[in-house]
Every structure is written in structure tokens, then in C-alpha cells.
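Q: File follows, upload07.pdb with PDB, C-alpha atoms:
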ATOM      1  CA  MET A1091      11.011  57.265  22.766  1.00  0.00           C
ATOM      2  CA  LYS A1092      10.789  60.069  20.186  1.00  0.00           C
ATOM      3  CA  GLU A1093       9.829  57.573  17.481  1.00  0.00           C
ATOM      4  CA  ILE A1094       7.012  56.176  19.578  1.00  0.00           C
ATOM      5  CA  LEU A1095       5.635  59.662  20.272  1.00  0.00           C
ATOM      6  CA  LYS A1096       5.735  60.481  16.536  1.00  0.00           C
ATOM      7  CA  LYS A1097       3.814  57.284  15.771  1.00  0.00           C
ATOM      8  CA  ILE A1098       1.243  58.058  18.464  1.00  0.00           C
ATOM      9  CA  ASP A1099       0.827  61.594  17.080  1.00  0.00           C
ATOM     10  CA  PHE A1100       0.374  60.218  13.546  1.00  0.00           C
ATOM     11  CA  VAL A1101      -2.232  57.667  14.665  1.00  0.00           C
ATOM     12  CA  THR A1102      -4.036  60.358  16.670  1.00  0.00           C
ATOM     13  CA  VAL A1103      -4.248  62.657  13.642  1.00  0.00           C
ATOM     14  CA  ILE A1104      -5.552  59.824  11.443  1.00  0.00           C
ATOM     15  CA  LEU A1105      -8.187  58.890  14.030  1.00  0.00           C
ATOM     16  CA  LEU A1106      -9.295  62.527  14.339  1.00  0.00           C
ATOM     17  CA  ILE A1107      -9.654  62.772  10.547  1.00  0.00           C
ATOM     18  CA  ILE A1108     -11.722  59.571  10.483  1.00  0.00           C
ATOM     19  CA  LEU A1109     -13.876  60.872  13.349  1.00  0.00           C
ATOM     20  CA  ALA A1110     -14.476  64.153  11.492  1.00  0.00           C
ATOM     21  CA  ILE A1111     -15.512  62.307   8.300  1.00  0.00           C
ATOM     22  CA  VAL A1112     -17.849  59.948  10.167  1.00  0.00           C
ATOM     23  CA  SER A1113     -19.398  62.873  12.074  1.00  0.00           C
ATOM     24  CA  TYR A1114     -19.931  64.794   8.824  1.00  0.00           C
ATOM     25  CA  CYS A1115     -21.608  61.781   7.194  1.00  0.00           C
ATOM     26  CA  TYR A1116     -23.774  61.128  10.251  1.00  0.00           C
ATOM     27  CA  ALA A1117     -24.903  64.765  10.311  1.00  0.00           C
ATOM     28  CA  GLN A1118     -25.948  64.639   6.658  1.00  0.00           C
ATOM     29  CA  ILE A1119     -28.170  61.602   7.201  1.00  0.00           C
ATOM     30  CA  LYS A1120     -29.547  62.187  10.703  1.00  0.00           C
ATOM     31  CA  LEU A1121     -29.534  65.964  11.202  1.00  0.00           C
ATOM     32  CA  PHE A1122     -30.139  67.235   7.661  1.00  0.00           C
ATOM     33  CA  ASN A1123     -32.375  64.284   6.644  1.00  0.00           C
ATOM     34  CA  ASN A1124     -30.540  63.675   3.355  1.00  0.00           C
ATOM     35  CA  ASP A1125     -31.268  60.425   1.517  1.00  0.00           C
ATOM     36  CA  TYR A1126     -27.563  59.887   0.899  1.00  0.00           C
ATOM     37  CA  ILE A1127     -24.171  61.228   1.933  1.00  0.00           C
ATOM     38  CA  ASN A1128     -22.547  63.815  -0.316  1.00  0.00           C
ATOM     39  CA  PHE A1129     -18.818  63.683   0.376  1.00  0.00           C
ATOM     40  CA  CYS A1130     -16.850  65.943  -1.972  1.00  0.00           C
ATOM     41  CA  GLY A1131     -19.361  65.306  -4.782  1.00  0.00           C
ATOM     42  CA  TYR A1132     -19.421  61.524  -4.375  1.00  0.00           C
ATOM     43  CA  THR A1133     -21.570  59.012  -2.530  1.00  0.00           C
ATOM     44  CA  ILE A1134     -21.723  55.244  -2.030  1.00  0.00           C
ATOM     45  CA  PHE A1135     -24.655  52.964  -2.819  1.00  0.00           C
ATOM     46  CA  GLN A1136     -25.310  49.235  -2.706  1.00  0.00           C
ATOM     47  CA  VAL A1137     -26.834  47.700  -5.841  1.00  0.00           C
ATOM     48  CA  ILE A1138     -30.238  46.139  -5.092  1.00  0.00           C
ATOM     49  CA  THR A1139     -31.363  44.856  -8.500  1.00  0.00           C
ATOM     50  CA  GLY A1140     -29.849  42.666 -11.196  1.00  0.00           C
ATOM     51  CA  SER A1141     -30.574  45.069 -14.059  1.00  0.00           C
ATOM     52  CA  MET A1142     -26.834  45.528 -14.741  1.00  0.00           C
ATOM     53  CA  SER A1143     -25.902  41.885 -14.167  1.00  0.00           C
ATOM     54  CA  GLY A1144     -22.679  41.041 -15.937  1.00  0.00           C
ATOM     55  CA  THR A1145     -21.282  44.498 -15.231  1.00  0.00           C
ATOM     56  CA  ILE A1146     -22.571  45.299 -11.746  1.00  0.00           C
ATOM     57  CA  GLU A1147     -24.015  42.532  -9.586  1.00  0.00           C
ATOM     58  CA  ILE A1148     -26.598  42.592  -6.780  1.00  0.00           C
ATOM     59  CA  LYS A1149     -25.042  43.667  -3.431  1.00  0.00           C
ATOM     60  CA  ASP A1150     -22.043  45.301  -5.148  1.00  0.00           C
ATOM     61  CA  ILE A1151     -20.967  48.601  -3.607  1.00  0.00           C
ATOM     62  CA  VAL A1152     -20.599  51.449  -6.115  1.00  0.00           C
ATOM     63  CA  ILE A1153     -19.042  54.896  -5.732  1.00  0.00           C
ATOM     64  CA  VAL A1154     -21.166  57.447  -7.551  1.00  0.00           C
ATOM     65  CA  LYS A1155     -20.200  60.921  -8.730  1.00  0.00           C
ATOM     66  CA  LEU A1156     -23.099  63.299  -8.126  1.00  0.00           C
ATOM     67  CA  THR A1157     -23.717  65.284 -11.306  1.00  0.00           C
ATOM     68  CA  ASP A1158     -26.410  66.505 -13.675  1.00  0.00           C
ATOM     69  CA  ASP A1159     -24.061  66.089 -16.661  1.00  0.00           C
ATOM     70  CA  VAL A1160     -25.241  62.697 -17.972  1.00  0.00           C
ATOM     71  CA  LYS A1161     -24.182  61.403 -21.379  1.00  0.00           C
ATOM     72  CA  GLU A1162     -25.326  58.506 -23.518  1.00  0.00           C
ATOM     73  CA  ASN A1163     -23.925  55.152 -22.287  1.00  0.00           C
ATOM     74  CA  ASP A1164     -23.278  56.486 -18.759  1.00  0.00           C
ATOM     75  CA  ILE A1165     -24.295  54.189 -15.915  1.00  0.00           C
ATOM     76  CA  ILE A1166     -26.664  56.087 -13.632  1.00  0.00           C
ATOM     77  CA  THR A1167     -28.320  55.544 -10.276  1.00  0.00           C
ATOM     78  CA  TYR A1168     -31.739  56.759  -9.217  1.00  0.00           C
ATOM     79  CA  SER A1169     -34.221  56.478  -6.412  1.00  0.00           C
ATOM     80  CA  SER A1170     -37.907  55.926  -7.031  1.00  0.00           C
TER      81      SER A1170
END
Rewrite the coordinates I just gave you, this time as C-alpha cells.
A:
Amino acid sequence: MKEILKKIDFVTVILLIILAIVSYCYAQIKLFNNDYINFCGYTIFQVITGSMSGTIEIKDIVIVKLTDDVKENDIITYSS
């Protein structure tokens, strides 16, 4: 019985963490009217053009580090 309670506690904690993350992301988009989610300096985008075909394809999901420190040969994302 103790093992089952430990597993239930673990699952509950994981679900609460997921709920907190989803709530934080929802608030950024809906309440603060951000164009994208900033989670610990990163965000996720879906590629919509084939300009990087061969490296990144249309409909790929990319994780992007939000920074102003851009160097030559870096792959960047932008919104027009």
C-alpha cells in the first residue's frame, strides 16, 4: 500500500508541474498578448517556409534560444 501511495504522490507532483507550465504559457499568450512563449529563455516555433530545406524542412518544430547575440552562420528566426 505504501508503494502505491508513493506512486500516486509522484504522479500528482508531475501533473501539478505540468499544469503550472501550461498555465504559465497560456498566460503569456492570452493575458500578456505575447507573440510567443518565453520559457526560461527558449521558445518553440513551427517552420512555415522551405528556405532552409535540406537542414530544416517545412512543418518541422524548432526550439529557439531567445538572444540578441547573433553570430555569422547562426540560424535565426524572425517574424515579419
Q: Excluding same-chain residues fewer than 4 positions from Gln1136 of chain A, what lies within 9 Å of it counting only C-alpha atoms, as a VMD selection string?
A: chain A and resid 1148 to 1153
Q: If we count only C-alpha atoms and set the cut-off at 12 Å, which residues sit around Ser1141 of chain A, ignoring sequence neighbours fewer than 4 positions away in its own chain? Please answer as a PDB file with C-alpha atoms, keeping the file's coordinate frame.
A:
ATOM      1  CA  VAL A1137     -26.834  47.700  -5.841  1.00  0.00           C
ATOM      2  CA  THR A1145     -21.282  44.498 -15.231  1.00  0.00           C
ATOM      3  CA  ILE A1146     -22.571  45.299 -11.746  1.00  0.00           C
ATOM      4  CA  GLU A1147     -24.015  42.532  -9.586  1.00  0.00           C
ATOM      5  CA  ILE A1148     -26.598  42.592  -6.780  1.00  0.00           C
ATOM      6  CA  ILE A1165     -24.295  54.189 -15.915  1.00  0.00           C
ATOM      7  CA  ILE A1166     -26.664  56.087 -13.632  1.00  0.00           C
ATOM      8  CA  THR A1167     -28.320  55.544 -10.276  1.00  0.00           C
TER       9      THR A1167
END
Q: Please return the centre and edge lengths, in Å to one decimal, of a box with edges along x, y and z that contains all listed atoms of segment 1125-1141 of chain A, widened by 6 Å on every side, as AutoDock Vina command-line options.
A:
--center_x -24.1 --center_y 54.3 --center_z -6.1 --size_x 26.5 --size_y 35.3 --size_z 28.0
Q: Pick out the closest residue to Ile1134 of chain A from this set: A:Leu1105, A:Met1091, A:Val1154, A:Val1112. Count all atoms listed in the file.
A: A:Val1154
Q: Grab the atom CA of Cys1115 of chain A to atom CA of Ile1127 of chain A distance for me, in Å with one decimal place.
A: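 These atoms are spaced 5.9 Å apart.
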Q: Could you tell me how far atom CA of Thr1139 of chain A sits from atom CA of Leu1121 of chain A, in Å to one decimal place?
A: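 According to the coordinates, atom CA of Leu1121 of chain A and atom CA of Thr1139 of chain A are separated by 28.9 Å.
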Q: Could you work out how far atom CA of Ser1170 of chain A lies from atom CA of Asn1124 of chain A, giving the answer in Å with one decimal?
A: 14.9 Å
Q: Working from the structure I just supplied, which lacks atoms in segment 1109-1134 of chain A, can you model N, CA, C and O atoms there and output them as a JSON list (two decimals), keeping the file's coordinate frame?
A:
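Result went into selection06.json, see below:
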[["chain", "number", "residue", "atom", "x", "y", "z"],
["A", 1109, "LEU", "N", -12.76, 60.43, 12.51],
["A", 1109, "LEU", "CA", -13.88, 60.87, 13.35],
["A", 1109, "LEU", "C", -14.60, 62.05, 12.71],
["A", 1109, "LEU", "O", -15.84, 62.10, 12.71],
["A", 1110, "ALA", "N", -13.86, 63.00, 12.15],
["A", 1110, "ALA", "CA", -14.48, 64.15, 11.49],
["A", 1110, "ALA", "C", -15.31, 63.71, 10.28],
["A", 1110, "ALA", "O", -16.42, 64.20, 10.08],
["A", 1111, "ILE", "N", -14.78, 62.79, 9.48],
["A", 1111, "ILE", "CA", -15.51, 62.31, 8.30],
["A", 1111, "ILE", "C", -16.78, 61.57, 8.72],
["A", 1111, "ILE", "O", -17.86, 61.80, 8.16],
["A", 1112, "VAL", "N", -16.68, 60.70, 9.70],
["A", 1112, "VAL", "CA", -17.85, 59.95, 10.17],
["A", 1112, "VAL", "C", -18.90, 60.90, 10.75],
["A", 1112, "VAL", "O", -20.09, 60.76, 10.49],
["A", 1113, "SER", "N", -18.46, 61.89, 11.50],
["A", 1113, "SER", "CA", -19.40, 62.87, 12.07],
["A", 1113, "SER", "C", -20.10, 63.66, 10.98],
["A", 1113, "SER", "O", -21.31, 63.90, 11.05],
["A", 1114, "TYR", "N", -19.36, 64.06, 9.96],
["A", 1114, "TYR", "CA", -19.93, 64.79, 8.82],
["A", 1114, "TYR", "C", -20.98, 63.94, 8.11],
["A", 1114, "TYR", "O", -22.08, 64.41, 7.81],
["A", 1115, "CYS", "N", -20.67, 62.69, 7.87],
["A", 1115, "CYS", "CA", -21.61, 61.78, 7.19],
["A", 1115, "CYS", "C", -22.85, 61.53, 8.05],
["A", 1115, "CYS", "O", -23.97, 61.54, 7.56],
["A", 1116, "TYR", "N", -22.65, 61.34, 9.34],
["A", 1116, "TYR", "CA", -23.77, 61.13, 10.25],
["A", 1116, "TYR", "C", -24.69, 62.35, 10.26],
["A", 1116, "TYR", "O", -25.92, 62.21, 10.21],
["A", 1117, "ALA", "N", -24.11, 63.54, 10.29],
["A", 1117, "ALA", "CA", -24.90, 64.76, 10.31],
["A", 1117, "ALA", "C", -25.74, 64.89, 9.05],
["A", 1117, "ALA", "O", -26.90, 65.32, 9.12],
["A", 1118, "GLN", "N", -25.19, 64.54, 7.90],
["A", 1118, "GLN", "CA", -25.95, 64.64, 6.66],
["A", 1118, "GLN", "C", -27.18, 63.75, 6.67],
["A", 1118, "GLN", "O", -28.24, 64.14, 6.20],
["A", 1119, "ILE", "N", -27.06, 62.56, 7.20],
["A", 1119, "ILE", "CA", -28.17, 61.60, 7.20],
["A", 1119, "ILE", "C", -29.16, 61.91, 8.33],
["A", 1119, "ILE", "O", -30.36, 62.00, 8.10],
["A", 1120, "LYS", "N", -28.67, 62.07, 9.54],
["A", 1120, "LYS", "CA", -29.55, 62.19, 10.70],
["A", 1120, "LYS", "C", -30.03, 63.62, 10.96],
["A", 1120, "LYS", "O", -31.19, 63.82, 11.27],
["A", 1121, "LEU", "N", -29.15, 64.59, 10.86],
["A", 1121, "LEU", "CA", -29.53, 65.96, 11.20],
["A", 1121, "LEU", "C", -30.18, 66.71, 10.04],
["A", 1121, "LEU", "O", -31.12, 67.47, 10.22],
["A", 1122, "PHE", "N", -29.63, 66.51, 8.83],
["A", 1122, "PHE", "CA", -30.14, 67.24, 7.66],
["A", 1122, "PHE", "C", -31.13, 66.41, 6.84],
["A", 1122, "PHE", "O", -31.63, 66.85, 5.82],
["A", 1123, "ASN", "N", -31.40, 65.18, 7.28],
["A", 1123, "ASN", "CA", -32.38, 64.28, 6.64],
["A", 1123, "ASN", "C", -32.12, 64.06, 5.15],
["A", 1123, "ASN", "O", -33.06, 63.93, 4.37],
["A", 1124, "ASN", "N", -30.87, 64.00, 4.75],
["A", 1124, "ASN", "CA", -30.54, 63.68, 3.36],
["A", 1124, "ASN", "C", -30.77, 62.19, 3.12],
["A", 1124, "ASN", "O", -30.65, 61.37, 4.02],
["A", 1125, "ASP", "N", -31.09, 61.83, 1.88],
["A", 1125, "ASP", "CA", -31.27, 60.42, 1.52],
["A", 1125, "ASP", "C", -29.94, 59.71, 1.34],
["A", 1125, "ASP", "O", -29.88, 58.48, 1.37],
["A", 1126, "TYR", "N", -28.88, 60.47, 1.11],
["A", 1126, "TYR", "CA", -27.56, 59.89, 0.90],
["A", 1126, "TYR", "C", -26.50, 60.88, 1.35],
["A", 1126, "TYR", "O", -26.77, 62.06, 1.54],
["A", 1127, "ILE", "N", -25.29, 60.39, 1.51],
["A", 1127, "ILE", "CA", -24.17, 61.23, 1.93],
["A", 1127, "ILE", "C", -23.52, 61.84, 0.70],
["A", 1127, "ILE", "O", -23.26, 61.15, -0.27],
["A", 1128, "ASN", "N", -23.28, 63.13, 0.74],
["A", 1128, "ASN", "CA", -22.55, 63.82, -0.32],
["A", 1128, "ASN", "C", -21.20, 64.19, 0.25],
["A", 1128, "ASN", "O", -21.07, 65.13, 1.02],
["A", 1129, "PHE", "N", -20.17, 63.42, -0.12],
["A", 1129, "PHE", "CA", -18.82, 63.68, 0.38],
["A", 1129, "PHE", "C", -17.94, 64.09, -0.80],
["A", 1129, "PHE", "O", -17.57, 63.26, -1.62],
["A", 1130, "CYS", "N", -17.69, 65.37, -0.90],
["A", 1130, "CYS", "CA", -16.85, 65.94, -1.97],
["A", 1130, "CYS", "C", -17.41, 65.60, -3.36],
["A", 1130, "CYS", "O", -16.66, 65.34, -4.30],
["A", 1131, "GLY", "N", -18.74, 65.57, -3.49],
["A", 1131, "GLY", "CA", -19.36, 65.31, -4.78],
["A", 1131, "GLY", "C", -19.54, 63.84, -5.12],
["A", 1131, "GLY", "O", -19.93, 63.49, -6.23],
["A", 1132, "TYR", "N", -19.28, 62.97, -4.16],
["A", 1132, "TYR", "CA", -19.42, 61.52, -4.38],
["A", 1132, "TYR", "C", -20.26, 60.92, -3.26],
["A", 1132, "TYR", "O", -20.38, 61.47, -2.17],
["A", 1133, "THR", "N", -20.84, 59.77, -3.55],
["A", 1133, "THR", "CA", -21.57, 59.01, -2.53],
["A", 1133, "THR", "C", -21.38, 57.52, -2.81],
["A", 1133, "THR", "O", -20.82, 57.15, -3.84],
["A", 1134, "ILE", "N", -21.86, 56.70, -1.90],
["A", 1134, "ILE", "CA", -21.72, 55.24, -2.03],
["A", 1134, "ILE", "C", -23.12, 54.63, -1.94],
["A", 1134, "ILE", "O", -23.92, 55.00, -1.09]]
